[in-house]
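Structure below is target10.tsv: TSV, C-alpha atoms.
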chain	number	residue	atom	x	y	z
A	1	MET	CA	75.26	99.21	172.51
A	2	ALA	CA	71.48	99.35	172.77
A	3	ILE	CA	70.19	100.93	175.96
A	4	ILE	CA	68.65	98.37	178.29
A	5	THR	CA	66.23	99.78	180.84
A	6	GLN	CA	66.39	98.71	184.45
A	7	ASP	CA	62.95	97.11	184.42
A	8	GLU	CA	64.03	94.58	181.79
A	9	ALA	CA	65.30	91.49	183.56
A	10	ARG	CA	68.34	89.97	181.89
A	11	TRP	CA	66.63	86.62	181.32
A	12	GLU	CA	63.85	88.36	179.38
A	13	LEU	CA	66.19	89.86	176.82
A	14	PRO	CA	66.56	88.26	173.39
A	15	ASP	CA	69.77	86.28	173.00
A	16	TRP	CA	71.21	88.83	170.55
A	17	GLN	CA	70.80	91.61	173.10
A	18	ARG	CA	72.57	89.60	175.78
A	19	GLN	CA	75.45	89.06	173.37
A	20	GLN	CA	75.49	92.75	172.53
A	21	ALA	CA	75.65	93.65	176.20
A	22	ASP	CA	78.51	91.23	176.85
A	23	LEU	CA	81.24	92.71	174.69
A	24	ILE	CA	84.99	92.49	175.07
A	25	THR	CA	86.30	96.00	175.60
A	26	ASP	CA	89.73	95.30	177.13
A	27	PRO	CA	92.61	94.47	174.75
A	28	ALA	CA	94.23	92.40	177.51
A	29	GLU	CA	91.16	90.13	177.70
A	30	LEU	CA	91.03	89.76	173.94
A	31	LEU	CA	94.70	88.78	173.74
A	32	ALA	CA	94.30	86.28	176.59
A	33	LEU	CA	91.28	84.64	174.96
A	34	LEU	CA	93.26	84.19	171.75
A	35	ASP	CA	96.41	82.86	173.46
A	36	LEU	CA	98.44	85.82	172.27
A	37	ALA	CA	101.37	87.44	174.02
A	38	ALA	CA	100.72	90.72	175.79
A	39	SER	CA	104.01	92.28	174.69
A	40	GLY	CA	102.23	94.89	172.57
A	41	LEU	CA	99.53	95.58	175.13
A	42	PRO	CA	100.64	99.11	176.17
A	43	GLU	CA	100.53	100.30	172.56
A	44	SER	CA	97.17	98.61	172.00
A	45	LEU	CA	95.72	100.25	175.09
A	46	ALA	CA	96.99	103.64	173.93
A	47	ALA	CA	95.32	103.22	170.53
A	48	ALA	CA	92.07	102.14	172.19
A	49	GLN	CA	91.92	105.42	174.11
A	50	ASP	CA	90.97	107.27	170.95
A	51	PHE	CA	88.55	104.63	169.61
A	52	PRO	CA	87.62	102.00	172.23
A	53	LEU	CA	87.81	98.31	171.46
A	54	ARG	CA	84.41	96.62	171.22
A	55	VAL	CA	83.93	93.09	169.92
A	56	PRO	CA	81.27	90.42	170.63
A	57	ARG	CA	82.42	87.08	171.97
A	58	ARG	CA	80.65	85.24	169.16
A	59	TYR	CA	82.93	87.01	166.68
A	60	VAL	CA	86.02	86.19	168.73
A	61	ASP	CA	85.10	82.52	168.33
A	62	LEU	CA	85.78	82.92	164.59
A	63	ILE	CA	89.33	84.25	165.14
A	64	GLU	CA	92.25	81.82	164.93
A	65	LYS	CA	93.97	81.45	168.28
A	66	GLY	CA	97.68	82.10	168.47
A	67	ASN	CA	97.79	84.06	165.20
A	68	PRO	CA	98.50	87.77	165.74
A	69	GLN	CA	98.00	88.40	161.99
A	70	ASP	CA	94.61	86.73	161.75
A	71	PRO	CA	92.55	88.80	159.25
A	72	LEU	CA	89.54	88.94	161.56
A	73	LEU	CA	91.67	90.04	164.50
A	74	ARG	CA	93.25	92.82	162.43
A	75	GLN	CA	89.80	94.34	161.98
A	76	VAL	CA	89.06	94.69	165.70
A	77	LEU	CA	92.31	94.92	167.71
A	78	SER	CA	93.63	98.42	168.33
A	79	VAL	CA	97.24	98.83	167.13
A	80	PRO	CA	99.91	101.55	167.41
A	81	ALA	CA	99.66	102.47	163.71
A	82	GLU	CA	96.31	104.11	164.49
A	83	LEU	CA	98.11	106.84	166.40
A	84	GLU	CA	100.27	107.89	163.45
A	85	ALA	CA	99.27	111.11	161.69
A	86	VAL	CA	99.25	110.49	157.92
A	87	PRO	CA	98.83	113.35	155.41
A	88	GLY	CA	95.52	113.18	153.59
A	89	TYR	CA	93.75	111.24	156.35
A	90	GLY	CA	91.30	113.23	158.48
A	91	VAL	CA	88.39	112.99	160.90
A	92	ASP	CA	85.68	113.60	158.25
A	93	PRO	CA	87.05	111.92	155.11
A	94	LEU	CA	83.77	112.17	153.18
A	95	GLU	CA	82.98	115.71	154.37
A	96	GLU	CA	79.63	114.55	155.69
A	97	GLY	CA	79.33	117.68	157.79
A	98	ASP	CA	78.69	119.58	154.54
A	99	HIS	CA	75.66	117.43	153.69
A	100	THR	CA	73.61	117.61	156.88
A	101	PRO	CA	70.48	119.73	156.33
A	102	VAL	CA	69.12	118.77	159.78
A	103	PRO	CA	70.71	116.82	162.64
A	104	GLY	CA	70.74	113.08	162.09
A	105	LEU	CA	70.20	113.22	158.33
A	106	LEU	CA	72.72	113.14	155.48
A	107	HIS	CA	71.73	114.07	151.94
A	108	LYS	CA	74.49	113.61	149.37
A	109	TYR	CA	72.94	111.74	146.44
A	110	HIS	CA	69.86	112.43	144.32
A	111	GLY	CA	66.66	110.72	145.49
A	112	ARG	CA	68.24	109.26	148.62
A	113	ALA	CA	68.74	110.35	152.20
A	114	LEU	CA	70.52	108.64	155.06
A	115	LEU	CA	69.24	108.62	158.63
A	116	VAL	CA	71.83	108.33	161.40
A	117	VAL	CA	69.55	106.46	163.78
A	118	THR	CA	72.09	105.59	166.48
A	119	GLY	CA	75.73	106.07	167.38
A	120	ALA	CA	76.05	102.54	168.77
A	121	CYS	CA	77.73	99.59	167.08
A	122	ALA	CA	78.01	95.95	168.07
A	123	VAL	CA	81.67	96.03	167.00
A	124	HIS	CA	84.23	98.76	166.50
A	125	CYS	CA	85.95	98.15	163.19
A	126	ARG	CA	89.36	99.79	163.26
A	127	TYR	CA	88.99	101.19	159.71
A	128	CYS	CA	85.55	102.75	160.36
A	129	PHE	CA	85.12	105.99	158.39
A	130	ARG	CA	82.84	107.35	161.16
A	131	ARG	CA	85.19	106.61	164.04
A	132	HIS	CA	85.40	110.38	164.69
A	133	PHE	CA	81.78	111.22	163.82
A	134	PRO	CA	80.10	113.73	166.21
A	135	TYR	CA	77.13	111.50	167.08
A	136	GLN	CA	76.00	113.58	170.04
A	137	ALA	CA	75.38	116.55	167.75
A	138	HIS	CA	73.11	114.40	165.59
A	139	LEU	CA	71.24	112.33	168.15
A	140	SER	CA	70.48	114.81	170.94
A	141	GLY	CA	67.23	116.66	171.55
A	142	LYS	CA	64.23	115.49	169.54
A	143	ARG	CA	66.41	112.92	167.82
A	144	TRP	CA	64.52	111.78	164.71
A	145	GLU	CA	61.71	114.32	164.59
A	146	GLU	CA	63.49	117.00	162.56
A	147	ALA	CA	64.80	114.43	160.10
A	148	LEU	CA	61.33	112.95	159.59
A	149	GLU	CA	59.86	116.40	159.04
A	150	TRP	CA	62.57	117.15	156.47
A	151	LEU	CA	61.85	113.89	154.63
A	152	SER	CA	58.11	114.59	154.62
A	153	ALA	CA	58.70	117.93	152.93
A	154	ARG	CA	60.93	116.49	150.18
A	155	PRO	CA	58.91	114.55	147.58
A	156	ASP	CA	62.06	114.14	145.48
A	157	ILE	CA	63.40	111.69	148.10
A	158	ASN	CA	62.17	108.18	147.34
A	159	GLU	CA	64.67	106.06	149.28
A	160	VAL	CA	65.69	106.23	152.92
A	161	ILE	CA	68.80	104.52	154.24
A	162	LEU	CA	69.10	103.61	157.91
A	163	SER	CA	72.66	103.84	159.15
A	164	GLY	CA	74.63	104.93	162.16
A	165	GLY	CA	76.43	103.58	164.09
A	166	ASP	CA	74.52	100.44	163.32
A	167	PRO	CA	70.71	100.56	163.11
A	168	LEU	CA	70.33	96.90	164.05
A	169	THR	CA	71.72	97.59	167.52
A	170	LEU	CA	68.29	99.14	168.20
A	171	THR	CA	65.56	96.94	169.65
A	172	ASN	CA	62.85	95.58	167.37
A	173	ARG	CA	60.34	97.79	169.16
A	174	ARG	CA	62.37	100.92	168.42
A	175	ILE	CA	62.93	99.88	164.80
A	176	GLY	CA	59.21	99.22	164.44
A	177	GLN	CA	58.40	102.70	165.73
A	178	LEU	CA	60.76	104.27	163.20
A	179	LEU	CA	59.40	102.17	160.34
A	180	ASP	CA	55.84	103.13	161.26
A	181	ALA	CA	56.80	106.81	161.09
A	182	LEU	CA	58.59	106.39	157.75
A	183	ALA	CA	55.63	104.44	156.31
A	184	GLU	CA	53.49	107.56	156.73
A	185	ILE	CA	55.63	109.43	154.20
A	186	PRO	CA	53.99	108.48	150.89
A	187	HIS	CA	56.85	109.32	148.51
A	188	LEU	CA	59.29	106.94	150.22
A	189	ARG	CA	59.33	103.81	148.06
A	190	ARG	CA	62.51	102.03	149.11
A	191	LEU	CA	63.97	101.18	152.50
A	192	ARG	CA	67.63	100.28	152.84
A	193	ILE	CA	69.45	99.25	156.01
A	194	HIS	CA	73.22	99.05	156.37
A	195	SER	CA	74.45	96.81	159.18
A	196	ARG	CA	77.44	94.76	160.34
A	197	THR	CA	75.69	93.50	163.46
A	198	PRO	CA	74.40	90.24	161.87
A	199	VAL	CA	77.98	89.40	160.86
A	200	VAL	CA	79.26	89.59	164.43
A	201	ILE	CA	75.97	88.53	166.10
A	202	PRO	CA	73.98	86.35	163.63
A	203	ASP	CA	71.19	85.94	166.19
A	204	ARG	CA	70.25	89.55	165.42
A	205	LEU	CA	68.43	88.26	162.33
A	206	ASP	CA	65.53	87.01	164.43
A	207	ASP	CA	62.00	86.20	163.31
A	208	GLU	CA	60.47	89.38	164.72
A	209	LEU	CA	62.88	91.60	162.81
A	210	LYS	CA	62.28	89.55	159.66
A	211	ARG	CA	58.54	90.15	160.06
A	212	LEU	CA	59.08	93.90	160.52
A	213	LEU	CA	61.22	94.19	157.41
A	214	SER	CA	59.12	91.99	155.14
A	215	ARG	CA	55.95	94.08	155.44
A	216	PRO	CA	54.35	94.89	152.07
A	217	ARG	CA	54.83	98.69	152.43
A	218	TRP	CA	58.14	98.39	150.54
A	219	ARG	CA	60.76	95.90	149.48
A	220	THR	CA	63.53	96.13	152.06
A	221	VAL	CA	67.19	95.95	151.07
A	222	LEU	CA	69.56	94.83	153.84
A	223	VAL	CA	73.19	95.64	153.05
A	224	LEU	CA	75.59	93.60	155.17
A	225	HIS	CA	79.27	94.28	155.69
A	226	VAL	CA	81.32	91.09	155.33
A	227	ASN	CA	85.01	91.49	154.56
A	228	HIS	CA	86.37	87.94	154.83
A	229	PRO	CA	84.92	84.50	154.02
A	230	ARG	CA	85.49	83.27	157.58
A	231	GLU	CA	83.00	85.90	158.76
A	232	ILE	CA	80.26	83.93	157.00
A	233	SER	CA	79.44	81.60	159.88
A	234	ALA	CA	77.10	78.65	159.40
A	235	GLN	CA	74.48	80.52	161.39
A	236	LEU	CA	74.78	83.67	159.26
A	237	ALA	CA	74.49	81.60	156.09
A	238	GLU	CA	71.37	79.84	157.39
A	239	ARG	CA	69.70	83.12	158.38
A	240	GLY	CA	70.69	84.73	155.08
A	241	ARG	CA	68.96	82.04	153.05
A	242	GLU	CA	65.85	82.29	155.25
A	243	TRP	CA	65.68	86.06	154.83
A	244	GLN	CA	66.18	85.83	151.09
A	245	GLN	CA	63.21	83.44	150.92
A	246	ALA	CA	61.17	85.98	152.92
A	247	GLY	CA	61.56	88.48	150.08
A	248	ILE	CA	64.24	90.69	151.69
A	249	THR	CA	67.03	91.63	149.29
A	250	LEU	CA	70.44	90.89	150.83
A	251	LEU	CA	73.52	92.66	149.47
A	252	ASN	CA	77.07	92.89	150.72
A	253	GLN	CA	79.63	95.63	150.61
A	254	SER	CA	83.20	95.01	151.66
A	255	VAL	CA	86.16	97.27	152.24
A	256	LEU	CA	89.44	96.27	150.62
A	257	LEU	CA	91.84	96.04	153.56
A	258	ALA	CA	95.56	95.34	153.60
A	259	GLY	CA	96.30	92.16	155.53
A	260	VAL	CA	92.62	91.19	155.61
A	261	ASN	CA	91.29	90.52	152.13
A	262	ASP	CA	93.81	91.95	149.66
A	263	ASP	CA	94.49	88.67	147.88
A	264	LEU	CA	92.60	87.01	145.06
A	265	ASP	CA	91.83	83.66	146.69
A	266	THR	CA	90.25	85.38	149.71
A	267	LEU	CA	88.05	87.61	147.57
A	268	VAL	CA	86.93	84.68	145.39
A	269	ALA	CA	86.06	82.65	148.49
A	270	LEU	CA	84.19	85.67	149.88
A	271	SER	CA	81.96	86.03	146.82
A	272	ASP	CA	81.35	82.27	146.66
A	273	GLY	CA	80.47	82.14	150.36
A	274	LEU	CA	78.14	85.11	150.11
A	275	HIS	CA	76.25	83.53	147.22
A	276	GLU	CA	75.80	80.30	149.18
A	277	ALA	CA	74.34	82.39	152.01
A	278	GLY	CA	71.80	84.14	149.77
A	279	ILE	CA	73.77	87.42	149.76
A	280	LEU	CA	74.83	89.15	146.55
A	281	PRO	CA	78.24	90.89	146.36
A	282	TYR	CA	77.57	94.58	145.73
A	283	TYR	CA	80.54	96.86	146.35
A	284	LEU	CA	84.21	96.40	147.10
A	285	HIS	CA	85.21	99.77	148.50
A	286	GLN	CA	88.57	101.40	148.53
A	287	LEU	CA	89.36	102.64	152.04
A	288	ASP	CA	87.92	105.97	153.12
A	289	LYS	CA	90.83	108.14	154.28
A	290	VAL	CA	89.90	108.40	157.94
A	291	ALA	CA	92.55	109.27	160.52
A	292	GLY	CA	93.78	106.12	162.24
A	293	ALA	CA	93.21	103.71	159.35
A	294	ALA	CA	95.98	104.46	156.84
A	295	HIS	CA	97.69	101.12	157.53
A	296	PHE	CA	94.73	99.34	155.88
A	297	ALA	CA	95.09	101.15	152.55
A	298	VAL	CA	95.59	99.15	149.33
A	299	PRO	CA	97.02	101.04	146.32
A	300	ASP	CA	94.64	101.51	143.38
A	301	GLU	CA	96.96	99.59	141.05
A	302	ALA	CA	96.83	96.53	143.30
A	303	ALA	CA	93.06	96.90	143.78
A	304	LEU	CA	92.46	97.02	140.03
A	305	ALA	CA	94.63	93.93	139.50
A	306	LEU	CA	92.61	92.06	142.12
A	307	HIS	CA	89.35	93.09	140.49
A	308	GLN	CA	90.59	91.92	137.10
A	309	GLY	CA	91.46	88.61	138.70
A	310	LEU	CA	87.93	88.30	140.12
A	311	ARG	CA	86.48	88.84	136.64
A	312	GLY	CA	88.59	85.97	135.38
A	313	ARG	CA	87.47	83.52	138.08
A	314	LEU	CA	83.85	84.41	138.87
A	315	PRO	CA	80.62	84.87	136.92
A	316	GLY	CA	79.80	88.53	136.45
A	317	PHE	CA	76.98	88.61	138.99
A	318	LEU	CA	79.42	87.62	141.74
A	319	VAL	CA	81.98	90.34	140.96
A	320	PRO	CA	81.42	93.40	143.19
A	321	ARG	CA	82.01	96.86	141.78
A	322	LEU	CA	85.32	98.31	142.87
A	323	SER	CA	84.42	101.79	144.08
A	324	ARG	CA	85.50	104.79	146.04
A	325	GLU	CA	83.38	107.42	147.73
A	326	GLU	CA	84.71	110.91	147.13
A	327	PRO	CA	83.56	114.16	148.75
A	328	GLY	CA	81.42	116.36	146.56
A	329	LYS	CA	80.80	113.77	143.83
A	330	PRO	CA	77.16	113.09	142.76
A	331	ALA	CA	77.69	109.32	143.07
A	332	LYS	CA	80.31	106.78	144.06
A	333	THR	CA	83.30	106.63	141.75
A	334	VAL	CA	83.35	103.19	140.12
A	335	LEU	CA	86.98	102.19	139.47
A	336	ALA	CA	86.01	98.87	137.88
A	337	GLY	CA	82.54	97.44	137.29
Have the structure of the file written as structure tokens, please.
Amino acid sequence: MAIITQDEARWELPDWQRQQADLITDPAELLALLDLAASGLPESLAAAQDFPLRVPRRYVDLIEKGNPQDPLLRQVLSVPAELEAVPGYGVDPLEEGDHTPVPGLLHKYHGRALLVVTGACAVHCRYCFRRHFPYQAHLSGKRWEEALEWLSARPDINEVILSGGDPLTLTNRRIGQLLDALAEIPHLRRLRIHSRTPVVIPDRLDDELKRLLSRPRWRTVLVLHVNHPREISAQLAERGREWQQAGITLLNQSVLLAGVNDDLDTLVALSDGLHEAGILPYYLHQLDKVAGAAHFAVPDEAALALHQGLRGRLPGFLVPRLSREEPGKPAKTVLAG
């Protein structure tokens, strides 16, 4: 959650920041709002101890009441399966600790570097591959200064990716400061931002942020994270089309998740809905093997069958690449393009 200083009166905050400050963090409250029985509450509370529940109320409005298997609910409600130790699933599934030349910066792929600009998220997705990430080690001290100095000294880096946490939990003022600093590095030609915040709080795509990201210094690519067609609210679709018209490239990457989107009709509806919202399907990721998320895994055989089905029902430009990120590889492994 973005830090709100004491001298900022609540009524002065943008609507998206008020929503971000008013999160549901108690599994009991979430279950009550959705008219669900509290029989599994002790187990849910235990799972939330390791990775706290955080979900905006606007997102809860999209969840079907009375349905404990709702695909949106499965993404945010802590469950006992998260506490099970599964061989092959660890706290750093992509071995990011081996690719950190300075705190707050990851460099794995040629020509690109990723800035961890915050540890905050507007929602805690239960399958998050950084749910165990040591953010304090990356965001303490001078914060971004070392990373910016490293980027300045590396002319072979032409693209910077803002990630986290979620970079769009930062205020527009803070984002503007970071963009100003990056704009002074002449060899940076592309800016990419990865964010799920607009999916759970569509108001985050406000006019001021659109102005910041549509400056002529570079063409900005905003990569959203939509996993299910019901996450494409009318408001998100409206903002997506507006941002596309402003010259900002909008892409989407999903994670293939058991019980959420591992059926053909859902994935077809997702690609169709994204296109209507001005967002192009980009990647469909196989799950990163992070501890606590094994119950979301979909076998490769089933994933490949789903991708083949997408190719039979959608035009090629709406079929995302089925991919996996593997430690030590020079690029993502494309299972099906």
| note | The residue from A:Tyr282, A:Asp166, A:His132, A:Ala277 with the smallest atom-to-atom distance to Gly90 (chain A), counting all atoms listed in the file, is A:His132
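Omitting Ile157 (chain A) and its sequence neighbours fewer than 5 positions away, and counting only C-alpha atoms, the residues within 7 Å are A:Gly111, A:Arg112, A:Ala113, A:His187, A:Leu188.
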Give me the region 48-104 of chain A side of the contact with region 28-42 of chain A, cut-off 12 Å, one line per residue showing its nearest atom pair and distance in Å at one decimal, counting all atoms listed in the file, sorted by chain and residue number, as a Markdown table.
| residue | atom | partner | partner_atom | distance |
| --- | --- | --- | --- | --- |
| A:Ala48 | CA | A:Pro42 | CA | 9.9 |
| A:Gln49 | CA | A:Pro42 | CA | 11.0 |
| A:Leu53 | CA | A:Leu30 | CA | 9.5 |
| A:Arg54 | CA | A:Leu30 | CA | 9.9 |
| A:Val55 | CA | A:Leu30 | CA | 8.8 |
| A:Pro56 | CA | A:Leu30 | CA | 10.3 |
| A:Arg57 | CA | A:Leu30 | CA | 9.2 |
| A:Tyr59 | CA | A:Leu30 | CA | 11.2 |
| A:Val60 | CA | A:Leu30 | CA | 8.1 |
| A:Asp61 | CA | A:Leu34 | CA | 9.0 |
| A:Leu62 | CA | A:Leu34 | CA | 10.4 |
| A:Ile63 | CA | A:Leu34 | CA | 7.7 |
| A:Glu64 | CA | A:Leu34 | CA | 7.3 |
| A:Lys65 | CA | A:Leu34 | CA | 4.5 |
| A:Gly66 | CA | A:Asp35 | CA | 5.2 |
| A:Asn67 | CA | A:Leu36 | CA | 7.3 |
| A:Pro68 | CA | A:Leu36 | CA | 6.8 |
| A:Gln69 | CA | A:Leu36 | CA | 10.6 |
| A:Asp70 | CA | A:Leu34 | CA | 10.4 |
| A:Leu72 | CA | A:Leu34 | CA | 11.8 |
| A:Leu73 | CA | A:Leu34 | CA | 9.5 |
| A:Val76 | CA | A:Leu30 | CA | 9.8 |
| A:Leu77 | CA | A:Leu30 | CA | 8.2 |
| A:Ser78 | CA | A:Leu41 | CA | 9.4 |
| A:Val79 | CA | A:Gly40 | CA | 8.4 |
| A:Pro80 | CA | A:Gly40 | CA | 8.7 |
| A:Ala81 | CA | A:Gly40 | CA | 11.9 |
| request: Calculate how many Å separate CA of Gly104 (chain A) from CA of Leu209 (chain A), rounding to one decimal. | output: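 If I compute the distance from CA of Gly104 (chain A) to CA of Leu209 (chain A), I get 22.9 Å.
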| task | State, in Å with one decimal place, the distance from CA of Leu310 (chain A) to CA of Leu270 (chain A). | result |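 That distance, rounded to one decimal, is 10.8 Å.
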